[in-house]
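The structure appears below as structure tokens.
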Amino acid sequence: MIPAALLLASAALAQGAAGLGLGALALHTGSGEHRLAPALSGWGRVALGQACHAEAELGLARHAEGGPTVPFDERWTRGALGVGCSTGTRAARVAASLGPALTWRRTTIDGRWTARALGAGVRWRGGFLVPLGEHGELDVLAGGASRGPVFDFDLTVQGGARW
Amino acid sequence: MVGPPPSGRRPPASGLLALACAGCSTLGTLHGARPLAPGQHMLPPALSAQQGTEALSTAAGIPLPQIELGYRAGLAPDLDWGVRSYLFGTTADLRYRFARLGPFDLAAQPSLGGAVLPTPAFGIGNVDLGMPLVAEADLGPETSLVLAARTVARQHFAWVDDPALGRGASGRFELLAGGGARIARRFGILTLGVFGDVLINTSRLGPLWWSGGLDLGFTLGGRAPEDPGGQPPG
């Protein structure tokens, strides 16, 4: 249950890492509520010195609602860049990052009316960067992104390769 | 979505209890930033009062009492885990001291927990993901100050399954953000703490959620969680 990296001594930050992520996105919907939706993302990270990094992320999510209410289908895509830093007394590192984000939404109501919106905002994340062996990486990150006056929140588990 | 109840039927009395305990999650920051060393164990009971936007206490204008029982154990230098049980809920966490910055030890303490209260007619509950960042510094040889900033991602859920009330389920997400402070003093194997926390609901406007109380910690298998262990921060 406990990642071995937390039990290992500190290790240097990888020069780079990339992979895929699965997450739960609390999407700010048109009704003003946050609705949970599954999210898929691709990510990459390169080291900037001993403790900092630059990262890029492209995420997709979909939230559909039907039943007795008017059915709507919301598709969501977000691209984000970030600069962050991390530190740790064990091999796992606590990290935080901040950067710009662009979010595109396509909402279809009752299968007939469609609205599209592109919103710029700020992306922030914090969590754990956990090395798995020599070349593996498993990160657990929580964060959010703004879209104008509203916010989406997410929890992502992302895995991949490091070098 | 929950459908409207038929007219002329009032919710059962158990529903009032459910509403009263909708804020029964624990809100307190009870621990510092210094994990127990491997081989150490701690029993940290606590008493608190809390008030939140979901609680009957908000409507009544009085805080709700809360009681906690817990257990913590060291896993490795700079790393321990714990579990806390409270009225209608449980939370488990990992605490990782990731840095030392001047007089402060810094730890992240992610937690997963929640509360649920099922009744014959309906139930309510919530799942919480907590992400606290905790700093601890000594005020004296046996006294320490803990400061915490944190977010709590909370998913509420409710369901109804009653012939008169209808059948359905609903949920709502909220992100709480805030901070807390705790002053603790050690007396041998006993640690006595006084804490207070304040959270705001970033998902909708509302009154502050707060918690305050007393906690005790009985540390076994060693005196105090002071072993820095590990390597210097990289």
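Letters A, B, ... mark the chains of the structure tokens in the order given; residue numbers begin at 1 per chain; ligand numbers begin at 1, in order shown.
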When you get a sec, could you note down which chain B residues fall within 12 Å of chain A, using only C-alpha atoms, as a PDB file with N, CA and C atoms, in the first residue's frame?
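Below is the file selection15.pdb, written as the result:
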ATOM      1  N   MET B   1     -31.660  12.556  -9.907  1.00  0.00           N
ATOM      2  CA  MET B   1     -32.155  13.651  -9.080  1.00  0.00           C
ATOM      3  C   MET B   1     -33.271  13.148  -8.172  1.00  0.00           C
ATOM      4  N   VAL B   2     -33.407  13.750  -7.061  1.00  0.00           N
ATOM      5  CA  VAL B   2     -34.435  13.383  -6.097  1.00  0.00           C
ATOM      6  C   VAL B   2     -35.737  14.046  -6.506  1.00  0.00           C
ATOM      7  N   GLY B   3     -36.766  13.238  -6.615  1.00  0.00           N
ATOM      8  CA  GLY B   3     -38.053  13.766  -6.999  1.00  0.00           C
ATOM      9  C   GLY B   3     -38.768  14.379  -5.813  1.00  0.00           C
ATOM     10  N   PRO B  38       9.769   5.259  13.147  1.00  0.00           N
ATOM     11  CA  PRO B  38       9.407   3.836  13.065  1.00  0.00           C
ATOM     12  C   PRO B  38       9.467   3.190  14.445  1.00  0.00           C
ATOM     13  N   GLY B  74       4.514   5.143  13.139  1.00  0.00           N
ATOM     14  CA  GLY B  74       5.597   5.510  12.245  1.00  0.00           C
ATOM     15  C   GLY B  74       5.857   4.424  11.223  1.00  0.00           C
ATOM     16  N   LEU B  75       6.120   4.855   9.987  1.00  0.00           N
ATOM     17  CA  LEU B  75       6.407   3.913   8.909  1.00  0.00           C
ATOM     18  C   LEU B  75       7.877   3.914   8.525  1.00  0.00           C
ATOM     19  N   ALA B  76       8.447   5.099   8.481  1.00  0.00           N
ATOM     20  CA  ALA B  76       9.837   5.293   8.076  1.00  0.00           C
ATOM     21  C   ALA B  76      10.231   6.663   8.605  1.00  0.00           C
ATOM     22  N   PRO B  77      11.507   6.974   8.607  1.00  0.00           N
ATOM     23  CA  PRO B  77      11.876   8.341   8.975  1.00  0.00           C
ATOM     24  C   PRO B  77      11.117   9.346   8.116  1.00  0.00           C
ATOM     25  N   ASP B  78      10.513  10.318   8.751  1.00  0.00           N
ATOM     26  CA  ASP B  78       9.749  11.377   8.072  1.00  0.00           C
ATOM     27  C   ASP B  78       8.403  10.916   7.542  1.00  0.00           C
ATOM     28  N   LEU B  79       7.953   9.750   7.897  1.00  0.00           N
ATOM     29  CA  LEU B  79       6.694   9.254   7.336  1.00  0.00           C
ATOM     30  C   LEU B  79       5.929   8.456   8.385  1.00  0.00           C
ATOM     31  N   ASP B  80       4.685   8.815   8.611  1.00  0.00           N
ATOM     32  CA  ASP B  80       3.816   7.992   9.439  1.00  0.00           C
ATOM     33  C   ASP B  80       2.416   7.984   8.840  1.00  0.00           C
ATOM     34  N   TRP B  81       1.565   7.201   9.429  1.00  0.00           N
ATOM     35  CA  TRP B  81       0.180   7.138   8.954  1.00  0.00           C
ATOM     36  C   TRP B  81      -0.733   7.140  10.165  1.00  0.00           C
ATOM     37  N   ASP B  93      -4.877   8.924   6.862  1.00  0.00           N
ATOM     38  CA  ASP B  93      -3.951   9.860   6.237  1.00  0.00           C
ATOM     39  C   ASP B  93      -2.525   9.347   6.281  1.00  0.00           C
ATOM     40  N   LEU B  94      -1.704   9.899   5.404  1.00  0.00           N
ATOM     41  CA  LEU B  94      -0.257   9.743   5.430  1.00  0.00           C
ATOM     42  C   LEU B  94       0.341  11.102   5.761  1.00  0.00           C
ATOM     43  N   ARG B  95       1.362  11.111   6.581  1.00  0.00           N
ATOM     44  CA  ARG B  95       2.022  12.376   6.887  1.00  0.00           C
ATOM     45  C   ARG B  95       3.496  12.258   6.489  1.00  0.00           C
ATOM     46  N   TYR B  96       3.924  13.168   5.672  1.00  0.00           N
ATOM     47  CA  TYR B  96       5.269  13.115   5.090  1.00  0.00           C
ATOM     48  C   TYR B  96       5.970  14.447   5.346  1.00  0.00           C
ATOM     49  N   ARG B  97       7.007  14.409   6.176  1.00  0.00           N
ATOM     50  CA  ARG B  97       7.807  15.623   6.395  1.00  0.00           C
ATOM     51  C   ARG B  97       8.771  15.741   5.225  1.00  0.00           C
ATOM     52  N   PHE B  98       8.531  16.744   4.394  1.00  0.00           N
ATOM     53  CA  PHE B  98       9.298  16.832   3.165  1.00  0.00           C
ATOM     54  C   PHE B  98      10.393  17.886   3.218  1.00  0.00           C
ATOM     55  N   ALA B  99      10.404  18.731   4.229  1.00  0.00           N
ATOM     56  CA  ALA B  99      11.435  19.768   4.269  1.00  0.00           C
ATOM     57  C   ALA B  99      11.549  20.337   5.677  1.00  0.00           C
ATOM     58  N   ARG B 100      12.691  20.934   5.913  1.00  0.00           N
ATOM     59  CA  ARG B 100      12.900  21.758   7.106  1.00  0.00           C
ATOM     60  C   ARG B 100      13.325  23.129   6.615  1.00  0.00           C
ATOM     61  N   LEU B 101      12.642  24.143   7.086  1.00  0.00           N
ATOM     62  CA  LEU B 101      12.878  25.504   6.611  1.00  0.00           C
ATOM     63  C   LEU B 101      13.024  26.395   7.834  1.00  0.00           C
ATOM     64  N   ASP B 105       9.447  22.660  10.589  1.00  0.00           N
ATOM     65  CA  ASP B 105       9.341  21.406   9.864  1.00  0.00           C
ATOM     66  C   ASP B 105       8.096  21.514   8.993  1.00  0.00           C
ATOM     67  N   LEU B 106       8.195  21.076   7.740  1.00  0.00           N
ATOM     68  CA  LEU B 106       7.070  21.154   6.816  1.00  0.00           C
ATOM     69  C   LEU B 106       6.637  19.749   6.433  1.00  0.00           C
ATOM     70  N   ALA B 107       5.346  19.513   6.487  1.00  0.00           N
ATOM     71  CA  ALA B 107       4.815  18.198   6.143  1.00  0.00           C
ATOM     72  C   ALA B 107       3.567  18.341   5.294  1.00  0.00           C
ATOM     73  N   ALA B 108       3.392  17.390   4.407  1.00  0.00           N
ATOM     74  CA  ALA B 108       2.130  17.238   3.678  1.00  0.00           C
ATOM     75  C   ALA B 108       1.396  16.063   4.299  1.00  0.00           C
ATOM     76  N   GLN B 109       0.101  16.190   4.428  1.00  0.00           N
ATOM     77  CA  GLN B 109      -0.665  15.159   5.111  1.00  0.00           C
ATOM     78  C   GLN B 109      -1.956  14.863   4.347  1.00  0.00           C
ATOM     79  N   PRO B 110      -1.852  14.231   3.175  1.00  0.00           N
ATOM     80  CA  PRO B 110      -3.071  13.924   2.417  1.00  0.00           C
ATOM     81  C   PRO B 110      -3.928  12.916   3.164  1.00  0.00           C
ATOM     82  N   LEU B 129     -11.434  14.527   0.498  1.00  0.00           N
ATOM     83  CA  LEU B 129     -10.021  14.392   0.190  1.00  0.00           C
ATOM     84  C   LEU B 129      -9.332  15.628   0.743  1.00  0.00           C
ATOM     85  N   GLY B 130      -8.545  15.446   1.763  1.00  0.00           N
ATOM     86  CA  GLY B 130      -7.871  16.575   2.399  1.00  0.00           C
ATOM     87  C   GLY B 130      -6.431  16.691   1.931  1.00  0.00           C
ATOM     88  N   MET B 131      -6.000  17.927   1.730  1.00  0.00           N
ATOM     89  CA  MET B 131      -4.615  18.179   1.300  1.00  0.00           C
ATOM     90  C   MET B 131      -3.999  19.267   2.179  1.00  0.00           C
ATOM     91  N   PRO B 132      -3.669  18.934   3.404  1.00  0.00           N
ATOM     92  CA  PRO B 132      -3.083  19.957   4.275  1.00  0.00           C
ATOM     93  C   PRO B 132      -1.568  20.097   4.083  1.00  0.00           C
ATOM     94  N   LEU B 133      -1.114  21.298   4.249  1.00  0.00           N
ATOM     95  CA  LEU B 133       0.312  21.601   4.326  1.00  0.00           C
ATOM     96  C   LEU B 133       0.546  22.131   5.736  1.00  0.00           C
ATOM     97  N   ARG B 150      -4.822  24.424   4.109  1.00  0.00           N
ATOM     98  CA  ARG B 150      -5.304  23.192   3.496  1.00  0.00           C
ATOM     99  C   ARG B 150      -6.536  23.417   2.652  1.00  0.00           C
ATOM    100  N   THR B 151      -6.753  22.462   1.786  1.00  0.00           N
ATOM    101  CA  THR B 151      -7.997  22.380   1.036  1.00  0.00           C
ATOM    102  C   THR B 151      -8.638  21.029   1.344  1.00  0.00           C
ATOM    103  N   VAL B 152      -9.935  21.012   1.299  1.00  0.00           N
ATOM    104  CA  VAL B 152     -10.699  19.773   1.437  1.00  0.00           C
ATOM    105  C   VAL B 152     -11.663  19.703   0.261  1.00  0.00           C
ATOM    106  N   ALA B 153     -11.466  18.717  -0.590  1.00  0.00           N
ATOM    107  CA  ALA B 153     -12.406  18.468  -1.686  1.00  0.00           C
ATOM    108  C   ALA B 153     -13.477  17.529  -1.149  1.00  0.00           C
ATOM    109  N   ARG B 154     -14.703  17.977  -1.167  1.00  0.00           N
ATOM    110  CA  ARG B 154     -15.787  17.222  -0.540  1.00  0.00           C
ATOM    111  C   ARG B 154     -16.893  16.931  -1.547  1.00  0.00           C
ATOM    112  N   GLN B 155     -17.218  15.671  -1.684  1.00  0.00           N
ATOM    113  CA  GLN B 155     -18.358  15.271  -2.504  1.00  0.00           C
ATOM    114  C   GLN B 155     -19.480  14.822  -1.566  1.00  0.00           C
ATOM    115  N   HIS B 156     -20.560  15.569  -1.555  1.00  0.00           N
ATOM    116  CA  HIS B 156     -21.734  15.184  -0.788  1.00  0.00           C
ATOM    117  C   HIS B 156     -22.565  14.203  -1.615  1.00  0.00           C
ATOM    118  N   PHE B 157     -23.235  13.319  -0.950  1.00  0.00           N
ATOM    119  CA  PHE B 157     -24.206  12.472  -1.647  1.00  0.00           C
ATOM    120  C   PHE B 157     -25.398  12.242  -0.737  1.00  0.00           C
ATOM    121  N   GLY B 168     -34.351   8.113  -5.444  1.00  0.00           N
ATOM    122  CA  GLY B 168     -33.377   8.811  -6.268  1.00  0.00           C
ATOM    123  C   GLY B 168     -32.129   9.127  -5.487  1.00  0.00           C
ATOM    124  N   ALA B 169     -31.215   9.778  -6.161  1.00  0.00           N
ATOM    125  CA  ALA B 169     -29.941  10.130  -5.530  1.00  0.00           C
ATOM    126  C   ALA B 169     -29.443  11.431  -6.122  1.00  0.00           C
ATOM    127  N   SER B 170     -28.625  12.098  -5.359  1.00  0.00           N
ATOM    128  CA  SER B 170     -28.068  13.350  -5.827  1.00  0.00           C
ATOM    129  C   SER B 170     -26.716  13.570  -5.161  1.00  0.00           C
ATOM    130  N   GLY B 171     -25.932  14.444  -5.733  1.00  0.00           N
ATOM    131  CA  GLY B 171     -24.617  14.729  -5.162  1.00  0.00           C
ATOM    132  C   GLY B 171     -24.220  16.156  -5.439  1.00  0.00           C
ATOM    133  N   ARG B 172     -23.228  16.587  -4.724  1.00  0.00           N
ATOM    134  CA  ARG B 172     -22.759  17.958  -4.910  1.00  0.00           C
ATOM    135  C   ARG B 172     -21.299  18.032  -4.482  1.00  0.00           C
ATOM    136  N   PHE B 173     -20.501  18.745  -5.244  1.00  0.00           N
ATOM    137  CA  PHE B 173     -19.076  18.878  -4.942  1.00  0.00           C
ATOM    138  C   PHE B 173     -18.810  20.249  -4.333  1.00  0.00           C
ATOM    139  N   GLU B 174     -17.922  20.277  -3.363  1.00  0.00           N
ATOM    140  CA  GLU B 174     -17.500  21.552  -2.791  1.00  0.00           C
ATOM    141  C   GLU B 174     -16.000  21.497  -2.517  1.00  0.00           C
ATOM    142  N   LEU B 175     -15.364  22.616  -2.679  1.00  0.00           N
ATOM    143  CA  LEU B 175     -13.962  22.725  -2.293  1.00  0.00           C
ATOM    144  C   LEU B 175     -13.869  23.709  -1.137  1.00  0.00           C
ATOM    145  N   LEU B 176     -13.384  23.227  -0.025  1.00  0.00           N
ATOM    146  CA  LEU B 176     -13.187  24.055   1.160  1.00  0.00           C
ATOM    147  C   LEU B 176     -11.707  24.431   1.247  1.00  0.00           C
ATOM    148  N   THR B 202     -15.325  27.474  -1.136  1.00  0.00           N
ATOM    149  CA  THR B 202     -15.021  28.239  -2.345  1.00  0.00           C
ATOM    150  C   THR B 202     -16.037  27.994  -3.451  1.00  0.00           C
ATOM    151  N   SER B 203     -16.869  26.974  -3.302  1.00  0.00           N
ATOM    152  CA  SER B 203     -17.825  26.646  -4.359  1.00  0.00           C
ATOM    153  C   SER B 203     -19.103  27.449  -4.259  1.00  0.00           C
ATOM    154  N   ARG B 204     -19.401  27.979  -3.121  1.00  0.00           N
ATOM    155  CA  ARG B 204     -20.585  28.823  -2.976  1.00  0.00           C
ATOM    156  C   ARG B 204     -20.407  29.686  -1.733  1.00  0.00           C
ATOM    157  N   PRO B 228      14.649  13.358  12.924  1.00  0.00           N
ATOM    158  CA  PRO B 228      14.491  13.923  11.601  1.00  0.00           C
ATOM    159  C   PRO B 228      14.601  12.883  10.500  1.00  0.00           C
ATOM    160  N   GLY B 229      15.541  11.937  10.624  1.00  0.00           N
ATOM    161  CA  GLY B 229      15.668  10.870   9.653  1.00  0.00           C
ATOM    162  C   GLY B 229      15.894  11.367   8.247  1.00  0.00           C
ATOM    163  N   GLY B 230      15.975  10.413   7.307  1.00  0.00           N
ATOM    164  CA  GLY B 230      16.060  10.743   5.894  1.00  0.00           C
ATOM    165  C   GLY B 230      17.265  11.602   5.559  1.00  0.00           C
ATOM    166  N   GLN B 231      17.178  12.248   4.433  1.00  0.00           N
ATOM    167  CA  GLN B 231      18.259  13.084   3.933  1.00  0.00           C
ATOM    168  C   GLN B 231      17.790  14.541   3.925  1.00  0.00           C
ATOM    169  N   PRO B 232      18.736  15.450   3.851  1.00  0.00           N
ATOM    170  CA  PRO B 232      18.327  16.837   3.742  1.00  0.00           C
ATOM    171  C   PRO B 232      17.506  17.060   2.478  1.00  0.00           C
ATOM    172  N   PRO B 233      16.617  18.049   2.526  1.00  0.00           N
ATOM    173  CA  PRO B 233      15.790  18.312   1.347  1.00  0.00           C
ATOM    174  C   PRO B 233      16.653  18.561   0.129  1.00  0.00           C
ATOM    175  N   GLY B 234      16.209  18.000  -0.979  1.00  0.00           N
ATOM    176  CA  GLY B 234      16.937  18.205  -2.225  1.00  0.00           C
ATOM    177  C   GLY B 234      16.327  19.294  -3.051  1.00  0.00           C
TER     178      GLY B 234
END
(message) Taking 3 positions as the minimum chain separation for residues in the same chain, which residues sit within 8 Å of Gly79 (chain A) when counting only C-alpha atoms? Answer as a PyMOL selection string.
(response) chain A and resi 56-59+101-103
Keeping only N, CA and C atoms, write those residues as a compact mmCIF listing (two decimals), in the first residue's frame.
# COMPACT_ATOMS: atom_id res chain seq x y z
N ALA A 56 3.89 20.39 -19.19
CA ALA A 56 2.80 20.63 -20.14
C ALA A 56 1.78 19.53 -19.97
N GLU A 57 0.52 19.87 -20.26
CA GLU A 57 -0.56 18.92 -20.01
C GLU A 57 -1.67 19.17 -21.02
N LEU A 58 -2.25 18.09 -21.52
CA LEU A 58 -3.45 18.19 -22.36
C LEU A 58 -4.48 17.21 -21.81
N GLY A 59 -5.64 17.72 -21.41
CA GLY A 59 -6.63 16.88 -20.76
C GLY A 59 -7.98 16.91 -21.47
N ALA A 101 -3.50 28.40 -18.71
CA ALA A 101 -4.31 27.30 -19.24
C ALA A 101 -5.33 27.85 -20.23
N LEU A 102 -5.65 27.03 -21.20
CA LEU A 102 -6.73 27.33 -22.14
C LEU A 102 -7.73 26.18 -22.07
N THR A 103 -8.98 26.49 -21.87
CA THR A 103 -10.01 25.46 -21.76
C THR A 103 -11.07 25.69 -22.84
Name the residues of region 54-165 of chain B that fall into strand (DSSP E or B) according to DSSP on the backbone, using the chain letters and numbers of this document, as a PDB file with C-alpha atoms, in the first residue's frame.
ATOM      1  CA  LEU B  64     -22.027  20.658  17.264  1.00  0.00           C
ATOM      2  CA  PRO B  65     -19.836  18.612  19.583  1.00  0.00           C
ATOM      3  CA  GLN B  66     -17.538  16.050  18.030  1.00  0.00           C
ATOM      4  CA  ILE B  67     -15.439  13.284  19.519  1.00  0.00           C
ATOM      5  CA  GLU B  68     -12.540  11.506  17.857  1.00  0.00           C
ATOM      6  CA  LEU B  69     -10.550   8.395  18.526  1.00  0.00           C
ATOM      7  CA  GLY B  70      -7.429   7.711  16.546  1.00  0.00           C
ATOM      8  CA  TYR B  71      -4.262   5.746  16.039  1.00  0.00           C
ATOM      9  CA  ARG B  72      -0.943   6.711  14.446  1.00  0.00           C
ATOM     10  CA  ALA B  73       2.206   4.738  13.727  1.00  0.00           C
ATOM     11  CA  GLY B  74       5.597   5.510  12.245  1.00  0.00           C
ATOM     12  CA  LEU B  75       6.407   3.913   8.909  1.00  0.00           C
ATOM     13  CA  ALA B  76       9.837   5.293   8.076  1.00  0.00           C
ATOM     14  CA  LEU B  79       6.694   9.254   7.336  1.00  0.00           C
ATOM     15  CA  ASP B  80       3.816   7.992   9.439  1.00  0.00           C
ATOM     16  CA  TRP B  81       0.180   7.138   8.954  1.00  0.00           C
ATOM     17  CA  GLY B  82      -2.936   7.467  11.012  1.00  0.00           C
ATOM     18  CA  VAL B  83      -6.631   6.849  11.199  1.00  0.00           C
ATOM     19  CA  ARG B  84      -9.261   8.888  13.007  1.00  0.00           C
ATOM     20  CA  SER B  85     -12.799   7.802  13.736  1.00  0.00           C
ATOM     21  CA  TYR B  86     -15.459  10.261  14.727  1.00  0.00           C
ATOM     22  CA  GLY B  89     -17.128   8.812   9.888  1.00  0.00           C
ATOM     23  CA  THR B  90     -13.486   7.817   9.502  1.00  0.00           C
ATOM     24  CA  THR B  91     -10.426   9.429   7.943  1.00  0.00           C
ATOM     25  CA  ALA B  92      -7.049   7.878   7.108  1.00  0.00           C
ATOM     26  CA  ASP B  93      -3.951   9.860   6.237  1.00  0.00           C
ATOM     27  CA  LEU B  94      -0.257   9.743   5.430  1.00  0.00           C
ATOM     28  CA  ARG B  95       2.022  12.376   6.887  1.00  0.00           C
ATOM     29  CA  TYR B  96       5.269  13.115   5.090  1.00  0.00           C
ATOM     30  CA  ARG B  97       7.807  15.623   6.395  1.00  0.00           C
ATOM     31  CA  PHE B  98       9.298  16.832   3.165  1.00  0.00           C
ATOM     32  CA  ALA B  99      11.435  19.768   4.269  1.00  0.00           C
ATOM     33  CA  ARG B 100      12.900  21.758   7.106  1.00  0.00           C
ATOM     34  CA  LEU B 101      12.878  25.504   6.611  1.00  0.00           C
ATOM     35  CA  PHE B 104       9.827  25.019  10.770  1.00  0.00           C
ATOM     36  CA  ASP B 105       9.341  21.406   9.864  1.00  0.00           C
ATOM     37  CA  LEU B 106       7.070  21.154   6.816  1.00  0.00           C
ATOM     38  CA  ALA B 107       4.815  18.198   6.143  1.00  0.00           C
ATOM     39  CA  ALA B 108       2.130  17.238   3.678  1.00  0.00           C
ATOM     40  CA  SER B 111      -6.137  12.237   3.819  1.00  0.00           C
ATOM     41  CA  LEU B 112      -9.132  10.333   2.533  1.00  0.00           C
ATOM     42  CA  GLY B 113     -12.239   9.947   4.617  1.00  0.00           C
ATOM     43  CA  GLY B 114     -15.830  10.844   5.059  1.00  0.00           C
ATOM     44  CA  ALA B 115     -19.020  10.207   6.885  1.00  0.00           C
ATOM     45  CA  VAL B 116     -22.269   8.455   6.128  1.00  0.00           C
ATOM     46  CA  LEU B 117     -25.554   8.202   7.928  1.00  0.00           C
ATOM     47  CA  PRO B 118     -28.001   5.750   6.387  1.00  0.00           C
ATOM     48  CA  PHE B 122     -32.819   7.910   3.048  1.00  0.00           C
ATOM     49  CA  GLY B 123     -29.200   8.576   3.726  1.00  0.00           C
ATOM     50  CA  ILE B 124     -26.623  11.268   3.422  1.00  0.00           C
ATOM     51  CA  GLY B 125     -22.884  11.416   3.544  1.00  0.00           C
ATOM     52  CA  ASN B 126     -19.748  12.860   2.132  1.00  0.00           C
ATOM     53  CA  VAL B 127     -16.326  11.784   0.902  1.00  0.00           C
ATOM     54  CA  ASP B 128     -13.449  14.113   1.733  1.00  0.00           C
ATOM     55  CA  LEU B 129     -10.021  14.392   0.190  1.00  0.00           C
ATOM     56  CA  GLY B 130      -7.871  16.575   2.399  1.00  0.00           C
ATOM     57  CA  MET B 131      -4.615  18.179   1.300  1.00  0.00           C
ATOM     58  CA  PRO B 132      -3.083  19.957   4.275  1.00  0.00           C
ATOM     59  CA  LEU B 133       0.312  21.601   4.326  1.00  0.00           C
ATOM     60  CA  VAL B 134       1.519  21.719   7.912  1.00  0.00           C
ATOM     61  CA  ALA B 135       4.342  23.677   9.526  1.00  0.00           C
ATOM     62  CA  GLU B 136       5.579  23.130  13.070  1.00  0.00           C
ATOM     63  CA  ALA B 137       8.109  25.070  15.121  1.00  0.00           C
ATOM     64  CA  ASP B 138       9.219  24.888  18.734  1.00  0.00           C
ATOM     65  CA  THR B 143       5.991  23.411  23.461  1.00  0.00           C
ATOM     66  CA  SER B 144       5.353  23.692  19.743  1.00  0.00           C
ATOM     67  CA  LEU B 145       3.236  25.784  17.399  1.00  0.00           C
ATOM     68  CA  VAL B 146       1.535  24.205  14.391  1.00  0.00           C
ATOM     69  CA  LEU B 147       0.207  26.210  11.458  1.00  0.00           C
ATOM     70  CA  ALA B 148      -1.690  24.564   8.624  1.00  0.00           C
ATOM     71  CA  ALA B 149      -3.072  25.632   5.274  1.00  0.00           C
ATOM     72  CA  ARG B 150      -5.304  23.192   3.496  1.00  0.00           C
ATOM     73  CA  THR B 151      -7.997  22.380   1.036  1.00  0.00           C
ATOM     74  CA  VAL B 152     -10.699  19.773   1.437  1.00  0.00           C
ATOM     75  CA  ALA B 153     -12.406  18.468  -1.686  1.00  0.00           C
ATOM     76  CA  ARG B 154     -15.787  17.222  -0.540  1.00  0.00           C
ATOM     77  CA  GLN B 155     -18.358  15.271  -2.504  1.00  0.00           C
ATOM     78  CA  HIS B 156     -21.734  15.184  -0.788  1.00  0.00           C
ATOM     79  CA  PHE B 157     -24.206  12.472  -1.647  1.00  0.00           C
ATOM     80  CA  ALA B 158     -27.760  11.762  -0.632  1.00  0.00           C
ATOM     81  CA  TRP B 159     -30.281   9.150  -1.549  1.00  0.00           C
ATOM     82  CA  VAL B 160     -33.947   8.492  -0.936  1.00  0.00           C
ATOM     83  CA  ASP B 161     -35.653   5.121  -1.098  1.00  0.00           C
ATOM     84  CA  ASP B 162     -39.080   5.445   0.371  1.00  0.00           C
TER      85      ASP B 162
END
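For the choices A:Pro131, A:Gly19, A:Gly99, A:Gly111, the atom-to-atom distance to Pro71 (chain A) is smallest for A:Gly111 when using only C-alpha atoms.
Atom to atom, CA of His53 (chain A) and CA of Gly82 (chain A) stand 8.3 Å apart.
The shortest atom-to-atom distance to Leu138 (chain A), with only C-alpha atoms taken into account, belongs to A:Val157 out of A:Asp110, A:Val122, A:Val157, A:His63.
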(request) Measure the distance from CA of Gly144 (chain A) to CA of Gly178 (chain B) in Å and round it to one decimal. (result) 16.1 Å
Excluding same-chain residues fewer than 5 positions from Asp215 (chain B), what lies within 6 Å of it counting only C-alpha atoms, as a compact mmCIF listing (two decimals) with C-alpha atoms, in the first residue's frame?
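Contents of result_30.txt, freshly written:
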# COMPACT_ATOMS: atom_id res chain seq x y z
CA PRO B 45 -8.24 11.16 21.20
CA ALA B 46 -9.80 14.59 20.77
CA LEU B 192 -1.81 18.10 25.09
CA GLY B 193 -2.96 20.30 22.24
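The coordinates place CA of Thr219 (chain B) at 21.0 Å from CA of Ala181 (chain B).
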